[in-house]
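Quick notes on the structure that follows.
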Amino acid sequence: MKSGFITAADVAREAGVSRSAVSRTFTPGASVSRDVRERILRAAEKLGYRVNRLAQGLQMAQSNLVGVVASNLTSPFNTALLDGISAALFTRGLQCMLLNAEAARDDIGTLVNQVLEYRVRAVVILSGAPPEEIIEACLRNDVRLILINRGTLPGNADKIDTNDLTGGQLAAERMLLDGRRHVATVRSGNGSVSQKRRTESFVARMSEAGARVTPWMSGPNNFETGREAARALLADSSIDGAFCATDLIALGFLDTARFELGMDVPQHFSIIGFDNIPEAAWPSHGLTTVSHPIEAFIDAILSCLDDERQLSEGALNFTIPVELIERETTGARTRKHTSKAAL
């Protein structure tokens, strides 16, 4: 018994045909006679042969791979998005090639160059901003570049952005409805474009209404950042609300406010997050948050992959809608009225 992978040459010898006949049999749309195809399939089944899709892709203009560049892979929102992307690609006969942007730190260009060596069909950027020359390299190699919440970048890349401006405004309106007059904004210190947009929109609306806003920006996008923010900000007893740029930060803030500092949320303090991760809906949290549905991102990505136009003809742009999901961290003064209205 031969050790190692069974090759197309092994199948060809077993079936008594040429190596090219085996290749055509496993290439969709290629021409091969019915008798030869059946002989090859029987031989392949007997030997346990599996097509080497990576090698097949390297022989063609494009492979069935889609590169995905992401960081902070432990974030619940990123995990859910990656899960959705990989599942959707699988249904299209495509495979997800994941590269961890944390390894390259700020050098996203190096990661994208590595992906291009595999002749991928497209590259989806969830983290970091590729330099303009990388965008142009993708265009020259006929590879779609899809940017998720990366902001306005030069070059001919498809862009999918959350409607962060509306999201920030929705959060501000909820705070104002709760009667909050001195609120804090909390975001990580990594310079995230989307966190910056949604926070600035929130601040603009609160300031317009005459409310006071105290900003806080530090640390990574994680639970502990929210805890540190709560300890620092809530030393000021005049602060009566917090808008956190992600749910992960908001949950750290919420747990610290409730269980470490003994605050009554939402009776005397309102907290709003952003993302609507599954943990936000847990009964122990009940976090009010702004939702931008994972399904909408997946649909937009698939629309980019399905676009048959030449890349030089222009890029696609999608805006992901948002919705305020009200739970138990807001609405103490209006909850009774809201419940009656829902009936």
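Naming scheme: A, B, ... for chains in displayed order of the structure tokens; residues 1 onward per chain; ligands 1 onward as shown.
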Close residues, region 294-307 of chain A itself excluded, 8 Å, only C-alpha atoms, min 5 positions apart in chain, as a list in words: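 Counting only C-alpha atoms, the residues come to Ala80, Leu81, Gly84, Ile85, Ala88, Ala122, Arg144, Ile146, Asp158, Ile160, Leu316, Phe318, Ile320 and Pro321 of chain A.
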Quick one: residues within 10 Å of Met175 (chain A), only C-alpha atoms counted, chain neighbours fewer than 6 positions away excluded, as a list in words?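 Here the qualifying residues turn out to be Gln169, Arg181, His182, Val183, Phe202, Met206, Ala211, Asp240, Gly241, Ala242, Phe243, Phe269, Ser270, Ile271, Ile272, Thr330 and Gly331 of chain A.
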Would you please extract all alpha helix (DSSP H) residues from region 56-174 of chain A, as assigned by DSSP on the backbone, and give them as a PyMOL selection string? chain A and resi 56-58+76-91+101-104+108-116+132-140+164-174
Give the answer as one residue: which of A:Pro220, A:Gly252, A:Pro266, A:Gly48 has the shortest atom-to-atom distance to Ser71 (chain A), using only C-alpha atoms? A:Pro220
Polymer residues at most 10 Å from Leu234 (chain A), only C-alpha atoms, same-chain spacing of 2 or more positions, as a list in words: Ala184, Ala229, Ala230, Arg231, Ala232, Asp236, Ser237, Ser238, Ile239, Asp240, Gly241, Ala242, Phe253, Thr256, Ala257, Leu261 and Met263 of chain A
Using CA of Glu200 (chain A) and CA of Leu165 (chain A) as the two end points, give the distance in Å to one decimal.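 So the answer is 8.0 Å.
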